[in-house]
>>> print(open('coords.txt').read())   # compact mmCIF, C-alpha atoms
# COMPACT_ATOMS: atom_id res chain seq x y z
CA SER A 1 60.25 -9.89 -40.12
CA GLN A 2 59.60 -13.61 -39.85
CA GLN A 3 60.74 -15.33 -36.68
CA GLY A 4 60.26 -18.86 -37.96
CA GLU A 5 61.13 -20.21 -41.38
CA GLU A 6 60.01 -23.62 -42.59
CA ASP A 7 61.95 -25.85 -44.91
CA PRO A 8 61.16 -27.19 -47.44
CA GLN A 9 58.52 -24.87 -48.88
CA ALA A 10 56.85 -27.82 -50.57
CA LEU A 11 57.10 -31.56 -50.12
CA SER A 12 55.50 -34.33 -52.17
CA ILE A 13 55.55 -37.94 -50.98
CA GLN A 14 53.71 -41.24 -51.42
CA GLU A 15 51.23 -42.56 -48.91
CA GLY A 16 52.99 -44.61 -46.25
CA GLU A 17 56.23 -42.63 -46.41
CA ASN A 18 57.44 -40.36 -43.64
CA ALA A 19 57.40 -36.57 -44.01
CA THR A 20 59.88 -34.31 -42.27
CA MET A 21 59.55 -30.54 -42.07
CA ASN A 22 62.00 -28.18 -40.43
CA CYS A 23 61.63 -24.83 -38.75
CA SER A 24 64.41 -22.38 -37.89
CA TYR A 25 64.00 -19.29 -35.74
CA LYS A 26 66.11 -16.33 -34.73
CA THR A 27 65.60 -15.34 -31.10
CA SER A 28 65.24 -17.27 -27.87
CA ILE A 29 61.79 -18.70 -27.27
CA ASN A 30 59.57 -20.01 -24.49
CA ASN A 31 57.87 -22.53 -26.75
CA LEU A 32 57.43 -23.57 -30.35
CA GLN A 33 54.17 -24.74 -31.84
CA TRP A 34 53.17 -26.57 -35.00
CA TYR A 35 49.90 -25.99 -36.82
CA ARG A 36 48.16 -27.53 -39.79
CA GLN A 37 45.98 -25.75 -42.35
CA ASN A 38 43.74 -27.39 -44.88
CA SER A 39 43.24 -25.29 -47.99
CA GLY A 40 42.11 -21.81 -46.93
CA ARG A 41 40.62 -22.93 -43.64
CA GLY A 42 41.55 -21.95 -40.09
CA LEU A 43 44.75 -23.34 -38.62
CA VAL A 44 44.53 -26.26 -36.24
CA HIS A 45 47.00 -26.73 -33.42
CA LEU A 46 49.05 -29.93 -33.60
CA ILE A 47 51.66 -29.84 -30.87
CA LEU A 48 53.45 -27.45 -28.53
CA ILE A 49 56.98 -28.05 -27.31
CA ARG A 50 58.48 -25.96 -24.55
CA SER A 51 62.04 -24.66 -24.57
CA ASN A 52 63.13 -27.14 -21.88
CA GLU A 53 61.84 -30.12 -23.88
CA ARG A 54 63.78 -31.89 -26.61
CA GLU A 55 61.20 -34.21 -28.09
CA LYS A 56 57.46 -34.68 -28.02
CA HIS A 57 55.09 -37.22 -29.56
CA SER A 58 51.42 -37.13 -30.44
CA GLY A 59 50.07 -40.09 -32.39
CA ARG A 60 51.95 -40.19 -35.70
CA LEU A 61 53.60 -36.84 -35.01
CA ARG A 62 57.05 -36.40 -33.54
CA VAL A 63 58.50 -32.98 -32.84
CA THR A 64 62.06 -32.23 -31.84
CA LEU A 65 63.53 -28.99 -30.60
CA ASP A 66 67.19 -28.00 -30.60
CA THR A 67 67.52 -24.65 -28.86
CA SER A 68 71.29 -24.51 -29.47
CA LYS A 69 70.64 -24.58 -33.22
CA LYS A 70 67.39 -22.63 -32.94
CA SER A 71 65.57 -25.25 -34.94
CA SER A 72 62.70 -27.72 -34.73
CA SER A 73 61.48 -30.55 -36.89
CA LEU A 74 58.08 -32.13 -37.38
CA LEU A 75 57.99 -35.75 -38.47
CA ILE A 76 54.77 -37.34 -39.70
CA THR A 77 55.14 -41.10 -39.87
CA ALA A 78 53.21 -43.43 -42.19
CA SER A 79 51.62 -40.51 -44.01
CA ARG A 80 48.11 -40.65 -45.43
CA ALA A 81 46.43 -38.73 -48.24
CA ALA A 82 44.44 -36.92 -45.54
CA ASP A 83 47.70 -35.41 -44.21
CA THR A 84 47.85 -33.24 -47.33
CA ALA A 85 47.88 -29.71 -45.95
CA SER A 86 50.14 -26.79 -45.12
CA TYR A 87 52.14 -26.98 -41.91
CA PHE A 88 53.33 -23.95 -39.97
CA CYS A 89 55.62 -23.46 -37.04
CA ALA A 90 54.98 -20.61 -34.64
CA THR A 91 57.28 -19.13 -32.05
CA ASP A 92 56.61 -16.65 -29.28
CA ALA A 93 58.66 -13.48 -29.36
CA ARG A 94 58.13 -10.64 -26.92
CA GLY A 95 54.55 -11.63 -26.25
CA LYS A 96 53.61 -12.30 -29.86
CA LEU A 97 53.12 -15.58 -31.67
CA ILE A 98 54.82 -15.35 -35.05
CA PHE A 99 54.29 -17.84 -37.85
CA GLY A 100 56.61 -19.01 -40.57
CA GLN A 101 55.61 -19.21 -44.21
CA GLY A 102 54.71 -22.88 -44.03
CA THR A 103 55.49 -26.15 -45.76
CA GLU A 104 52.99 -27.43 -48.30
CA LEU A 105 52.75 -31.20 -47.95
CA SER A 106 51.18 -33.30 -50.66
CA VAL A 107 50.64 -37.01 -49.96
CA LYS A 108 49.79 -39.01 -53.05
CA PRO A 109 47.63 -42.13 -52.71
CA GLU B 1 31.41 -25.87 -27.93
CA ALA B 2 34.68 -23.97 -27.51
CA GLN B 3 35.20 -21.82 -30.56
CA VAL B 4 36.32 -18.61 -32.18
CA THR B 5 33.60 -17.09 -34.34
CA GLN B 6 34.48 -14.75 -37.15
CA ASN B 7 32.05 -12.89 -39.37
CA PRO B 8 31.54 -12.50 -42.21
CA ARG B 9 33.10 -15.49 -43.98
CA TYR B 10 33.28 -13.62 -47.29
CA LEU B 11 33.22 -9.88 -47.92
CA ILE B 12 33.48 -7.87 -51.11
CA THR B 13 33.69 -4.12 -50.74
CA VAL B 14 34.93 -1.01 -52.52
CA THR B 15 37.87 1.23 -51.78
CA GLY B 16 37.24 3.64 -48.93
CA LYS B 17 34.11 2.05 -47.48
CA LYS B 18 34.64 1.40 -43.80
CA LEU B 19 34.15 -2.16 -42.64
CA THR B 20 34.39 -4.24 -39.49
CA VAL B 21 35.19 -7.92 -39.19
CA THR B 22 33.92 -9.32 -35.92
CA CYS B 23 35.64 -11.91 -33.77
CA SER B 24 34.28 -13.52 -30.64
CA GLN B 25 35.57 -16.34 -28.43
CA ASN B 26 33.74 -18.26 -25.72
CA MET B 27 36.74 -19.69 -23.89
CA ASN B 28 37.53 -16.78 -21.58
CA HIS B 29 40.89 -16.37 -23.31
CA GLU B 30 43.06 -13.40 -22.45
CA TYR B 31 45.13 -13.35 -25.64
CA MET B 32 43.56 -12.53 -29.02
CA SER B 33 45.18 -11.77 -32.32
CA TRP B 34 44.48 -10.92 -35.94
CA TYR B 35 46.47 -12.32 -38.87
CA ARG B 36 46.33 -11.87 -42.58
CA GLN B 37 47.40 -14.59 -44.95
CA ASP B 38 48.67 -13.89 -48.44
CA PRO B 39 50.15 -16.35 -50.95
CA GLY B 40 53.87 -16.77 -50.45
CA LEU B 41 53.91 -14.60 -47.32
CA GLY B 42 52.42 -16.95 -44.75
CA LEU B 43 50.53 -15.51 -41.79
CA ARG B 44 51.44 -12.02 -40.70
CA GLN B 45 50.24 -10.57 -37.45
CA ILE B 46 48.22 -7.36 -37.65
CA TYR B 47 47.35 -6.61 -34.02
CA TYR B 48 47.17 -8.53 -30.81
CA SER B 49 45.71 -8.06 -27.38
CA MET B 50 46.97 -9.50 -24.10
CA ASN B 51 43.86 -8.49 -22.19
CA VAL B 52 40.90 -6.10 -22.07
CA GLU B 53 41.86 -2.56 -23.09
CA VAL B 54 45.41 -3.71 -23.97
CA THR B 55 46.29 -3.88 -27.66
CA ASP B 56 49.58 -3.84 -29.51
CA LYS B 57 50.74 -3.63 -33.09
CA GLY B 58 51.91 -6.71 -34.90
CA ASP B 59 54.07 -6.72 -38.00
CA VAL B 60 51.56 -5.19 -40.45
CA PRO B 61 49.24 -2.81 -38.53
CA GLU B 62 49.00 -0.01 -41.12
CA GLY B 63 45.45 0.60 -42.30
CA TYR B 64 43.85 -1.40 -39.46
CA LYS B 65 42.36 -0.64 -36.07
CA VAL B 66 41.26 -2.91 -33.27
CA SER B 67 39.56 -2.57 -29.92
CA ARG B 68 39.21 -4.84 -26.91
CA LYS B 69 36.43 -3.45 -24.77
CA GLU B 70 35.29 -6.88 -23.60
CA LYS B 71 37.29 -10.03 -23.10
CA ARG B 72 35.36 -12.09 -25.63
CA ASN B 73 35.34 -9.64 -28.58
CA PHE B 74 38.18 -8.34 -30.73
CA PRO B 75 36.87 -6.63 -33.87
CA LEU B 76 39.12 -5.64 -36.76
CA ILE B 77 38.28 -2.30 -38.35
CA LEU B 78 39.34 -1.07 -41.75
CA GLU B 79 38.52 2.65 -41.77
CA SER B 80 39.33 3.16 -45.46
CA PRO B 81 40.03 -0.16 -47.16
CA SER B 82 42.35 -0.29 -50.13
CA PRO B 83 42.92 -3.06 -52.72
CA ASN B 84 46.21 -4.10 -51.04
CA GLN B 85 44.14 -5.18 -48.04
CA THR B 86 42.52 -7.90 -50.13
CA SER B 87 43.48 -10.98 -48.18
CA LEU B 88 42.36 -13.90 -46.02
CA TYR B 89 42.01 -12.78 -42.41
CA PHE B 90 42.10 -14.95 -39.31
CA CYS B 91 41.25 -14.19 -35.73
CA ALA B 92 42.73 -16.39 -33.02
CA SER B 93 42.70 -16.65 -29.25
CA SER B 94 44.49 -18.48 -26.46
CA LEU B 95 44.97 -18.41 -22.71
CA SER B 96 48.41 -16.88 -23.34
CA THR B 97 51.22 -16.98 -25.92
CA ASN B 98 52.49 -20.01 -24.02
CA GLU B 99 49.39 -21.97 -24.94
CA LYS B 100 47.87 -23.16 -28.18
CA LEU B 101 45.92 -20.81 -30.41
CA PHE B 102 42.36 -21.45 -31.49
CA PHE B 103 41.56 -20.04 -34.91
CA GLY B 104 38.39 -18.75 -36.46
CA SER B 105 37.27 -20.00 -39.88
CA GLY B 106 38.65 -16.96 -41.68
CA THR B 107 37.28 -14.00 -43.61
CA GLN B 108 38.08 -13.70 -47.29
CA LEU B 109 38.08 -9.97 -48.03
CA SER B 110 38.17 -8.48 -51.50
CA VAL B 111 38.56 -4.71 -51.87
CA LEU B 112 37.75 -3.48 -55.37
>>> encode(input="coords.txt", output="structure tokens")
Amino acid sequence: SQQGEEDPQALSIQEGENATMNCSYKTSINNLQWYRQNSGRGLVHLILIRSNEREKHSGRLRVTLDTSKKSSSLLITASRAADTASYFCATDARGKLIFGQGTELSVKP
Amino acid sequence: EAQVTQNPRYLITVTGKKLTVTCSQNMNHEYMSWYRQDPGLGLRQIYYSMNVEVTDKGDVPEGYKVSRKEKRNFPLILESPSPNQTSLYFCASSLSTNEKLFFGSGTQLSVL
């Protein structure tokens, strides 16, 4: 069973707009991670937020974590065509890292 | 260069013919894992290993075997592949589940 679920499944925006993706999970976690995947290639780590953190930034990325709601969001500001990819959240559960089904982001020039 | 190396990149085989997908990491990572990725199903964990000689089932272990005899290698074995194992496979490693995962480039497997 999936621990993390991303929402929306697909998102299409114009270059320059912000993109927000959400992740919900079921059990308590030590950390939550976000990954990016370009078409069929290996996933690349974006950011890790620990359970005692509420917000984290990395360049144009902002991640929030609300452990009371068991949810996280990934915000990409000032999106670019090169941000077009699938984005996955991953949560640790009993020693395993479990991925959600991903959000497909399309950024149109 | 720190990396996870998976081979082969593409593999076409027939039902029942045993195959092995190799995975090697050069970062001295303790944690290694195999995932399969299918359209609409995201990444599903097949097996993982917390350390040498320690392996555990993930969510979809049926039809697969793994071994962890050395820290750097974590091969995935399909003893008798079937068409429902046609998928994109990824190996990944990290220091622990509390740290970021490094992924291999993937193996696209087709079982005819």
>>> closest_residue(input="coords.txt", among="A:Ser39, A:Ser71, A:Ser28, A:Ser51", to="Ser106 (chain A)", atoms="only C-alpha atoms")
A:Ser39
>>> atom_distance(input="coords.txt", atom1="CA of Glu6 (chain A)", atom2="CA of Gly106 (chain B)")
22.4 Å
>>> interface_residues(input="coords.txt", of="chain B", to="chain A", cutoff="7 Å", atoms="all atoms listed in the file", output="JSON, numbers by chain")
{"B": [40, 41, 42, 43, 97, 98, 100, 101, 103, 104, 105, 106]}
>>> write_last_selection(input="coords.txt", atoms="C-alpha atoms", output="CSV table (one decimal), in the frame of the given file")
chain,number,residue,atom,x,y,z
B,40,GLY,CA,53.9,-16.8,-50.4
B,41,LEU,CA,53.9,-14.6,-47.3
B,42,GLY,CA,52.4,-17.0,-44.8
B,43,LEU,CA,50.5,-15.5,-41.8
B,97,THR,CA,51.2,-17.0,-25.9
B,98,ASN,CA,52.5,-20.0,-24.0
B,100,LYS,CA,47.9,-23.2,-28.2
B,101,LEU,CA,45.9,-20.8,-30.4
B,103,PHE,CA,41.6,-20.0,-34.9
B,104,GLY,CA,38.4,-18.8,-36.5
B,105,SER,CA,37.3,-20.0,-39.9
B,106,GLY,CA,38.6,-17.0,-41.7
>>> residues_around(input="coords.txt", residues="Leu112 (chain B)", least_positions_apart="2", cutoff="10 Å", atoms="only C-alpha atoms", output="PDB file with C-alpha atoms, in the coordinates of the input")
ATOM      1  CA  ILE B  12      33.480  -7.870 -51.110  1.00  0.00           C
ATOM      2  CA  THR B  13      33.690  -4.120 -50.740  1.00  0.00           C
ATOM      3  CA  VAL B  14      34.930  -1.010 -52.520  1.00  0.00           C
ATOM      4  CA  THR B  15      37.870   1.230 -51.780  1.00  0.00           C
ATOM      5  CA  GLY B  16      37.240   3.640 -48.930  1.00  0.00           C
ATOM      6  CA  PRO B  81      40.030  -0.160 -47.160  1.00  0.00           C
ATOM      7  CA  SER B  82      42.350  -0.290 -50.130  1.00  0.00           C
ATOM      8  CA  PRO B  83      42.920  -3.060 -52.720  1.00  0.00           C
ATOM      9  CA  ASN B  84      46.210  -4.100 -51.040  1.00  0.00           C
ATOM     10  CA  GLN B  85      44.140  -5.180 -48.040  1.00  0.00           C
ATOM     11  CA  THR B  86      42.520  -7.900 -50.130  1.00  0.00           C
ATOM     12  CA  LEU B 109      38.080  -9.970 -48.030  1.00  0.00           C
ATOM     13  CA  SER B 110      38.170  -8.480 -51.500  1.00  0.00           C
TER      14      SER B 110
END
>>> residues_near_point(input="coords.txt", point="(48.1, -35.0, -52.6)", cutoff="7 Å", atoms="all atoms listed in the file", output="list in words")
Ala81, Thr84, Ser106, Val107 and Lys108 of chain A
>>> closest_residue(input="coords.txt", among="A:Leu105, A:Ala85, A:Ala10, A:Met21", to="Arg36 (chain A)", atoms="all atoms listed in the file")
A:Ala85
>>> decode(input="coords.txt", residues="region 43-82 of chain A", atoms="N, CA and C atoms", output="mmCIF file, in the first residue's frame")
data_model
loop_
_atom_site.group_PDB
_atom_site.id
_atom_site.type_symbol
_atom_site.label_atom_id
_atom_site.label_comp_id
_atom_site.auth_asym_id
_atom_site.auth_seq_id
_atom_site.Cartn_x
_atom_site.Cartn_y
_atom_site.Cartn_z
ATOM 1 N N LEU A 43 15.559 8.892 -10.605
ATOM 2 C CA LEU A 43 15.075 10.005 -9.794
ATOM 3 C C LEU A 43 16.241 10.775 -9.199
ATOM 4 N N VAL A 44 16.032 12.075 -9.044
ATOM 5 C CA VAL A 44 17.048 12.944 -8.472
ATOM 6 C C VAL A 44 16.486 13.576 -7.210
ATOM 7 N N HIS A 45 17.250 13.515 -6.144
ATOM 8 C CA HIS A 45 16.803 14.062 -4.874
ATOM 9 C C HIS A 45 16.747 15.586 -4.929
ATOM 10 N N LEU A 46 15.641 16.155 -4.419
ATOM 11 C CA LEU A 46 15.493 17.608 -4.379
ATOM 12 C C LEU A 46 15.714 18.155 -2.980
ATOM 13 N N ILE A 47 14.980 17.613 -2.026
ATOM 14 C CA ILE A 47 15.009 18.200 -0.687
ATOM 15 C C ILE A 47 14.506 17.184 0.334
ATOM 16 N N LEU A 48 15.059 17.230 1.511
ATOM 17 C CA LEU A 48 14.630 16.370 2.611
ATOM 18 C C LEU A 48 14.222 17.266 3.762
ATOM 19 N N ILE A 49 13.054 16.995 4.341
ATOM 20 C CA ILE A 49 12.608 17.754 5.499
ATOM 21 C C ILE A 49 12.347 16.769 6.632
ATOM 22 N N ARG A 50 12.887 17.069 7.788
ATOM 23 C CA ARG A 50 12.755 16.169 8.921
ATOM 24 C C ARG A 50 11.475 16.471 9.684
ATOM 25 N N SER A 51 11.037 15.525 10.483
ATOM 26 C CA SER A 51 9.725 15.637 11.133
ATOM 27 C C SER A 51 9.647 16.803 12.107
ATOM 28 N N ASN A 52 10.797 17.288 12.580
ATOM 29 C CA ASN A 52 10.772 18.426 13.517
ATOM 30 C C ASN A 52 10.942 19.769 12.793
ATOM 31 N N GLU A 53 10.941 19.735 11.462
ATOM 32 C CA GLU A 53 11.035 20.965 10.673
ATOM 33 C C GLU A 53 9.681 21.274 10.049
ATOM 34 N N ARG A 54 9.409 22.539 9.855
ATOM 35 C CA ARG A 54 8.123 22.945 9.278
ATOM 36 C C ARG A 54 8.266 23.465 7.859
ATOM 37 N N GLU A 55 9.433 24.013 7.567
ATOM 38 C CA GLU A 55 9.628 24.601 6.241
ATOM 39 C C GLU A 55 11.101 24.529 5.876
ATOM 40 N N LYS A 56 11.343 24.338 4.565
ATOM 41 C CA LYS A 56 12.713 24.290 4.099
ATOM 42 C C LYS A 56 12.777 24.876 2.696
ATOM 43 N N HIS A 57 13.889 25.571 2.406
ATOM 44 C CA HIS A 57 14.048 26.200 1.102
ATOM 45 C C HIS A 57 15.309 25.681 0.441
ATOM 46 N N SER A 58 15.250 25.619 -0.894
ATOM 47 C CA SER A 58 16.441 25.300 -1.673
ATOM 48 C C SER A 58 16.260 25.951 -3.028
ATOM 49 N N GLY A 59 16.937 27.078 -3.241
ATOM 50 C CA GLY A 59 16.783 27.804 -4.502
ATOM 51 C C GLY A 59 15.339 28.210 -4.721
ATOM 52 N N ARG A 60 14.730 27.768 -5.836
ATOM 53 C CA ARG A 60 13.347 28.118 -6.127
ATOM 54 C C ARG A 60 12.349 27.138 -5.499
ATOM 55 N N LEU A 61 12.842 26.226 -4.717
ATOM 56 C CA LEU A 61 11.982 25.218 -4.080
ATOM 57 C C LEU A 61 11.688 25.600 -2.639
ATOM 58 N N ARG A 62 10.409 25.397 -2.262
ATOM 59 C CA ARG A 62 10.034 25.583 -0.866
ATOM 60 C C ARG A 62 9.168 24.396 -0.467
ATOM 61 N N VAL A 63 9.559 23.740 0.594
ATOM 62 C CA VAL A 63 8.818 22.579 1.081
ATOM 63 C C VAL A 63 8.289 22.890 2.468
ATOM 64 N N THR A 64 7.042 22.534 2.696
ATOM 65 C CA THR A 64 6.467 22.645 4.034
ATOM 66 C C THR A 64 6.038 21.261 4.503
ATOM 67 N N LEU A 65 5.999 21.104 5.802
ATOM 68 C CA LEU A 65 5.584 19.845 6.396
ATOM 69 C C LEU A 65 4.650 20.137 7.556
ATOM 70 N N ASP A 66 3.486 19.509 7.541
ATOM 71 C CA ASP A 66 2.526 19.634 8.631
ATOM 72 C C ASP A 66 2.270 18.230 9.177
ATOM 73 N N THR A 67 2.942 17.886 10.246
ATOM 74 C CA THR A 67 2.832 16.522 10.777
ATOM 75 C C THR A 67 1.462 16.276 11.411
ATOM 76 N N SER A 68 0.775 17.336 11.846
ATOM 77 C CA SER A 68 -0.553 17.133 12.442
ATOM 78 C C SER A 68 -1.559 16.728 11.372
ATOM 79 N N LYS A 69 -1.339 17.221 10.153
ATOM 80 C CA LYS A 69 -2.230 16.871 9.036
ATOM 81 C C LYS A 69 -1.637 15.762 8.175
ATOM 82 N N LYS A 70 -0.436 15.331 8.522
ATOM 83 C CA LYS A 70 0.257 14.311 7.742
ATOM 84 C C LYS A 70 0.304 14.725 6.261
ATOM 85 N N SER A 71 0.832 15.912 6.035
ATOM 86 C CA SER A 71 0.893 16.385 4.662
ATOM 87 C C SER A 71 2.106 17.279 4.452
ATOM 88 N N SER A 72 2.514 17.374 3.198
ATOM 89 C CA SER A 72 3.640 18.210 2.802
ATOM 90 C C SER A 72 3.300 18.857 1.469
ATOM 91 N N SER A 73 3.902 20.004 1.205
ATOM 92 C CA SER A 73 3.732 20.610 -0.094
ATOM 93 C C SER A 73 5.078 21.035 -0.647
ATOM 94 N N LEU A 74 5.184 20.973 -1.961
ATOM 95 C CA LEU A 74 6.369 21.425 -2.685
ATOM 96 C C LEU A 74 5.949 22.573 -3.587
ATOM 97 N N LEU A 75 6.580 23.704 -3.394
ATOM 98 C CA LEU A 75 6.299 24.878 -4.207
ATOM 99 C C LEU A 75 7.523 25.169 -5.070
ATOM 100 N N ILE A 76 7.309 25.271 -6.369
ATOM 101 C CA ILE A 76 8.362 25.701 -7.293
ATOM 102 C C ILE A 76 7.979 27.097 -7.756
ATOM 103 N N THR A 77 8.802 28.065 -7.452
ATOM 104 C CA THR A 77 8.482 29.437 -7.836
ATOM 105 C C THR A 77 9.102 29.774 -9.200
ATOM 106 N N ALA A 78 8.469 30.699 -9.891
ATOM 107 C CA ALA A 78 8.971 31.188 -11.185
ATOM 108 C C ALA A 78 9.386 30.022 -12.076
ATOM 109 N N SER A 79 8.450 29.153 -12.359
ATOM 110 C CA SER A 79 8.768 27.908 -13.072
ATOM 111 C C SER A 79 9.349 28.175 -14.460
ATOM 112 N N ARG A 80 10.118 27.195 -14.914
ATOM 113 C CA ARG A 80 10.760 27.242 -16.233
ATOM 114 C C ARG A 80 10.365 25.995 -17.012
ATOM 115 N N ALA A 81 10.497 26.045 -18.304
ATOM 116 C CA ALA A 81 10.186 24.871 -19.137
ATOM 117 C C ALA A 81 11.016 23.663 -18.687
ATOM 118 N N ALA A 82 12.228 23.917 -18.225
ATOM 119 C CA ALA A 82 13.110 22.836 -17.788
ATOM 120 C C ALA A 82 12.635 22.160 -16.499
#
